[in-house]
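**Q** First the structure, which I've put down as structure tokens, then a few questions once you've had a look.
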Amino acid sequence: MDLSFHLRQRRFFFDNIRLHVSKDNGSWQAVAVENSDFEKTGNPLDDLKNVASLKKSKGSFAAQAKDTDPSYNNVFHIHTEGGVADTAVYYGYNYAAGHHLPCNGTFIYYESYGEGTPLLLLHGNGGSIHDFAAVIPQLAKHFRVIAVDTRAQGKSPDKGPQRFSYELFAQDMKVLLDSLHLKNTTVIGWSDGGITGLLLASLYPDYVGSLVTMGANLDPSEASLKKSILTKAKKDLQRLERRNNPQDSTILKLMRLILDEPHIEPSSLKTITARTMIMAGEKDIRS
């Protein structure tokens, strides 16, 4: 239920809450929720943050109440007055604009906004569409924005033991653009997204008309990445490998991506026909 939309209805009753979280392997794991049946005395909101406005709102209250069915005993009752619909867009979590595309053995999640020249946004390692939340509204005024959760990140799942590479990520983006019947796309990517952008433009030149990359590198050596970053990544990788927890499989593959990839020959960049802007911060971890 979208509570922000239904606030106008004023009365909500909750009982026997169950919480499950999605695991990397696609299964669901139950998570214990204290007092989920609301049988403990006291206000369940007392231990929660960000509820001050509800407690102070005139005519609104939240408290335990008796269920109309005696077998359920207590329920949690929220009463509100004067509520308005929440019109904010939560980029990366906006299912109204979201799509799941079958792609190379997994699904790629993306959101689309605006009209005009297609603009593909690619985030960095471990990131998601939400990393672009501050800029999507303005970009969508001028472009058809296609913001993507890269394979195994955000809402795009990790399916199977397949090793990650930036060539694979670039191929995923080609499949996405093919599904949308798009070529000559503008691509903006930072960090891993910048590397994917470089490979997309060099391997599939017809698909990229303009390219902006930030913080991308051509190889995983100390000449391209700060030694301190490589050292920490190696230690973290070894620690997770020793733990030998199957649930770490995705993060292990993403960390190996930093340490083992990419391997881009500078000469291959000559195949890029797109108008290209390369940016690097003075204190970026990549140089």
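Chain labels follow the order of the structure tokens: the first chain is A, the next B, and so on; residue numbering restarts at 1 in every chain, and ligands are counted from 1 in their shown order.
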Would you mind listing what lies within 10 Å of A:Gly160 as a VMD selection string, with only C-alpha atoms counted and same-chain residues fewer than 2 positions away left out?
**A** chain A and resid 24 to 25 105 to 106 157 to 158 162 to 163 249 to 250
**Q** If you count only C-alpha atoms, which residues fall within 7 Å of A:Ser156, apart from same-chain ones fewer than 3 positions away, as JSON, numbers by chain?
**A** {"A": [107, 108, 109, 149, 150, 151, 152, 153]}
**Q** Write a file of the selected residues as a PDB file, in the first residue's frame, keeping N, CA and C atoms.
**A**
```pdb
ATOM      1  N   PHE A 107      18.451  -9.793 -15.100  1.00  0.00           N
ATOM      2  CA  PHE A 107      17.544  -8.703 -15.420  1.00  0.00           C
ATOM      3  C   PHE A 107      18.239  -7.389 -15.122  1.00  0.00           C
ATOM      4  N   ILE A 108      18.091  -6.427 -16.014  1.00  0.00           N
ATOM      5  CA  ILE A 108      18.625  -5.093 -15.803  1.00  0.00           C
ATOM      6  C   ILE A 108      17.458  -4.158 -15.498  1.00  0.00           C
ATOM      7  N   TYR A 109      17.551  -3.471 -14.351  1.00  0.00           N
ATOM      8  CA  TYR A 109      16.502  -2.527 -13.965  1.00  0.00           C
ATOM      9  C   TYR A 109      16.902  -1.132 -14.413  1.00  0.00           C
ATOM     10  N   ASP A 149      20.457   0.630 -13.253  1.00  0.00           N
ATOM     11  CA  ASP A 149      21.156  -0.114 -12.201  1.00  0.00           C
ATOM     12  C   ASP A 149      22.003  -1.175 -12.893  1.00  0.00           C
ATOM     13  N   THR A 150      23.315  -1.017 -12.865  1.00  0.00           N
ATOM     14  CA  THR A 150      24.196  -1.985 -13.515  1.00  0.00           C
ATOM     15  C   THR A 150      24.013  -3.369 -12.903  1.00  0.00           C
ATOM     16  N   ARG A 151      24.320  -4.376 -13.688  1.00  0.00           N
ATOM     17  CA  ARG A 151      24.223  -5.782 -13.266  1.00  0.00           C
ATOM     18  C   ARG A 151      24.698  -5.972 -11.818  1.00  0.00           C
ATOM     19  N   ALA A 152      23.865  -6.633 -11.010  1.00  0.00           N
ATOM     20  CA  ALA A 152      24.169  -6.996  -9.625  1.00  0.00           C
ATOM     21  C   ALA A 152      24.232  -5.800  -8.683  1.00  0.00           C
ATOM     22  N   GLN A 153      23.735  -4.653  -9.120  1.00  0.00           N
ATOM     23  CA  GLN A 153      23.747  -3.457  -8.282  1.00  0.00           C
ATOM     24  C   GLN A 153      22.378  -2.803  -8.321  1.00  0.00           C
TER      25      GLN A 153
END
```
**Q** As number ranges by chain, which residues of stretch 131-271 of chain A does DSSP assign to helix (DSSP H, G or I)?
**A** A: 131-132, 136-139, 166-179, 192-203, 205-207, 227-243, 246-260, 266-271
**Q** Produce a table with one row for each residue of stretch 42-131 of chain A that has an atom at most 6 Å from any atom of stretch 137-143 of chain A, each row naming the nearest atom pair and its distance in Å at one decimal; use only C-alpha atoms; arrange rows by chain and rising residue number; format as a tab-separated table.
**A**
```
residue	atom	partner	partner_atom	distance
A:Tyr113	CA	A:Ala140	CA	5.7
A:Gly114	CA	A:Ala140	CA	4.5
A:Glu115	CA	A:Phe143	CA	5.4
A:Gly116	CA	A:Phe143	CA	4.7
A:Thr117	CA	A:Phe143	CA	5.0
A:Pro118	CA	A:Phe143	CA	5.9
```
**Q** Quick one: write out the picked residues with C-alpha atoms as a PDB file, in the first residue's frame?
**A**
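Wrote it out as again21.pdb, contents follow:
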```pdb
ATOM      1  CA  TYR A 113      12.206  10.126 -17.607  1.00  0.00           C
ATOM      2  CA  GLY A 114      11.573  12.983 -20.028  1.00  0.00           C
ATOM      3  CA  GLU A 115      11.659  13.170 -23.802  1.00  0.00           C
ATOM      4  CA  GLY A 116      14.122  14.087 -26.522  1.00  0.00           C
ATOM      5  CA  THR A 117      17.667  12.925 -27.226  1.00  0.00           C
ATOM      6  CA  PRO A 118      18.325   9.669 -25.310  1.00  0.00           C
TER       7      PRO A 118
END
```
**Q** Give me the residues within 6 Å of stretch 13-20 of chain A as a PyMOL selection string, counting only C-alpha atoms and dropping any in the same chain fewer than 4 places off.
**A** chain A and resi 28-31+36-37+75-77
**Q** Neighbouring residues of stretch 199-210 of chain A were defined as those with any atom within 7 Å, considering only C-alpha atoms; residues of the same chain fewer than 4 positions away were excluded. Please report them as a list of chain:residue names.
**A**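 Near neighbours after the sequence-gap exclusion: A:Glu167, A:Ala170, A:Lys183, A:Asn184, A:Thr185, A:Thr186, A:Val187, A:Ile195, A:Ser268, A:Leu269, A:Thr271, A:Ile272, A:Thr273, A:Ala274, A:Arg275, A:Thr276.
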**Q** Using N, CA and C atoms, can you export the residues from the last selection as a CSV table (one decimal), in the first residue's frame?
**A**
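New file selection.csv:
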```csv
chain,number,residue,atom,x,y,z
A,167,GLU,N,33.5,-5.4,-20.2
A,167,GLU,CA,33.0,-5.8,-21.5
A,167,GLU,C,31.5,-6.3,-21.4
A,170,ALA,N,29.2,-3.5,-20.7
A,170,ALA,CA,29.0,-2.7,-22.0
A,170,ALA,C,28.0,-3.5,-22.9
A,183,LYS,N,20.1,4.2,-30.9
A,183,LYS,CA,21.5,4.4,-31.3
A,183,LYS,C,21.8,5.9,-31.2
A,184,ASN,N,23.1,6.2,-31.4
A,184,ASN,CA,23.5,7.6,-31.3
A,184,ASN,C,23.1,8.2,-30.0
A,185,THR,N,23.3,7.5,-28.9
A,185,THR,CA,22.9,7.9,-27.6
A,185,THR,C,24.0,8.7,-26.9
A,186,THR,N,23.5,9.7,-26.1
A,186,THR,CA,24.5,10.4,-25.2
A,186,THR,C,24.7,9.6,-23.9
A,187,VAL,N,25.9,9.3,-23.5
A,187,VAL,CA,26.2,8.5,-22.4
A,187,VAL,C,27.0,9.3,-21.4
A,195,ILE,N,34.1,3.7,-17.3
A,195,ILE,CA,34.8,2.7,-18.0
A,195,ILE,C,33.8,1.9,-18.9
A,268,SER,N,42.8,1.1,-28.7
A,268,SER,CA,41.4,0.8,-29.0
A,268,SER,C,40.5,2.0,-28.9
A,269,LEU,N,40.9,3.0,-28.2
A,269,LEU,CA,40.1,4.2,-28.0
A,269,LEU,C,40.0,5.0,-29.3
A,271,THR,N,38.9,3.9,-32.0
A,271,THR,CA,37.7,3.5,-32.7
A,271,THR,C,36.5,4.3,-32.2
A,272,ILE,N,36.6,5.1,-31.1
A,272,ILE,CA,35.5,5.9,-30.7
A,272,ILE,C,35.3,7.0,-31.6
A,273,THR,N,34.1,7.1,-32.1
A,273,THR,CA,33.7,8.2,-33.1
A,273,THR,C,32.8,9.2,-32.4
A,274,ALA,N,32.4,9.0,-31.2
A,274,ALA,CA,31.5,9.9,-30.5
A,274,ALA,C,32.3,11.1,-30.0
A,275,ARG,N,31.6,12.2,-29.9
A,275,ARG,CA,32.2,13.4,-29.3
A,275,ARG,C,32.4,13.1,-27.8
A,276,THR,N,33.6,13.3,-27.3
A,276,THR,CA,33.9,12.7,-26.0
A,276,THR,C,34.5,13.8,-25.1
```
**Q** Which one is closest to A:Asn73: A:Lys58, A:Lys40, A:His263, A:Arg144? Count only C-alpha atoms.
**A** A:Lys40
**Q** Go through A:Asn43, A:Thr213, A:Ser224, A:Asn104 and flag the residue nearest A:Val175, using only C-alpha atoms for the distances.
**A**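 Of A:Asn43, A:Thr213, A:Ser224, A:Asn104, the one nearest A:Val175, counting only C-alpha atoms, is A:Asn104.
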**Q** What's the 6 Å shell around A:Arg10, counting only C-alpha atoms, without same-chain residues fewer than 6 positions away, as a PyMOL selection string?
**A** chain A and resi 79-81
**Q** For the selection you just gave me, I'd like the residues written to a file as a CSV table (one decimal), in the first residue's frame, keeping N, CA and C atoms.
**A**
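Result file is again-v3.csv:
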```csv
chain,number,residue,atom,x,y,z
A,79,HIS,N,-4.2,7.5,13.2
A,79,HIS,CA,-5.3,8.4,12.7
A,79,HIS,C,-4.6,9.7,12.3
A,80,THR,N,-4.9,10.2,11.1
A,80,THR,CA,-4.3,11.4,10.6
A,80,THR,C,-5.4,12.3,10.1
A,81,GLU,N,-5.1,13.6,10.1
A,81,GLU,CA,-6.0,14.6,9.5
A,81,GLU,C,-5.2,15.6,8.7
```
**Q** From stretch 203-238 of chain A, collect each residue whose DSSP state is strand (DSSP E) and return the set as a PDB file with N, CA and C atoms, in the first residue's frame.
**A**
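Okay, this is what ended up in part12.pdb:
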```pdb
ATOM      1  N   VAL A 208      26.743   5.174 -29.512  1.00  0.00           N
ATOM      2  CA  VAL A 208      27.110   6.325 -28.692  1.00  0.00           C
ATOM      3  C   VAL A 208      27.405   7.517 -29.591  1.00  0.00           C
ATOM      4  N   GLY A 209      26.602   8.564 -29.438  1.00  0.00           N
ATOM      5  CA  GLY A 209      26.838   9.780 -30.207  1.00  0.00           C
ATOM      6  C   GLY A 209      27.677  10.786 -29.458  1.00  0.00           C
ATOM      7  N   SER A 210      27.491  10.842 -28.143  1.00  0.00           N
ATOM      8  CA  SER A 210      28.276  11.718 -27.281  1.00  0.00           C
ATOM      9  C   SER A 210      28.600  10.968 -25.999  1.00  0.00           C
ATOM     10  N   LEU A 211      29.796  11.228 -25.455  1.00  0.00           N
ATOM     11  CA  LEU A 211      30.255  10.489 -24.276  1.00  0.00           C
ATOM     12  C   LEU A 211      30.911  11.432 -23.284  1.00  0.00           C
ATOM     13  N   VAL A 212      30.496  11.320 -22.019  1.00  0.00           N
ATOM     14  CA  VAL A 212      31.147  12.037 -20.916  1.00  0.00           C
ATOM     15  C   VAL A 212      31.546  11.004 -19.884  1.00  0.00           C
ATOM     16  N   THR A 213      32.839  10.923 -19.570  1.00  0.00           N
ATOM     17  CA  THR A 213      33.307   9.991 -18.555  1.00  0.00           C
ATOM     18  C   THR A 213      34.030  10.747 -17.457  1.00  0.00           C
ATOM     19  N   MET A 214      33.852  10.274 -16.230  1.00  0.00           N
ATOM     20  CA  MET A 214      34.499  10.880 -15.063  1.00  0.00           C
ATOM     21  C   MET A 214      35.152   9.780 -14.230  1.00  0.00           C
TER      22      MET A 214
END
```
**Q** One decimal, in Å: what's the spacing between atom CA of A:Lys283 and atom CA of A:Met173?
**A** 29.0 Å
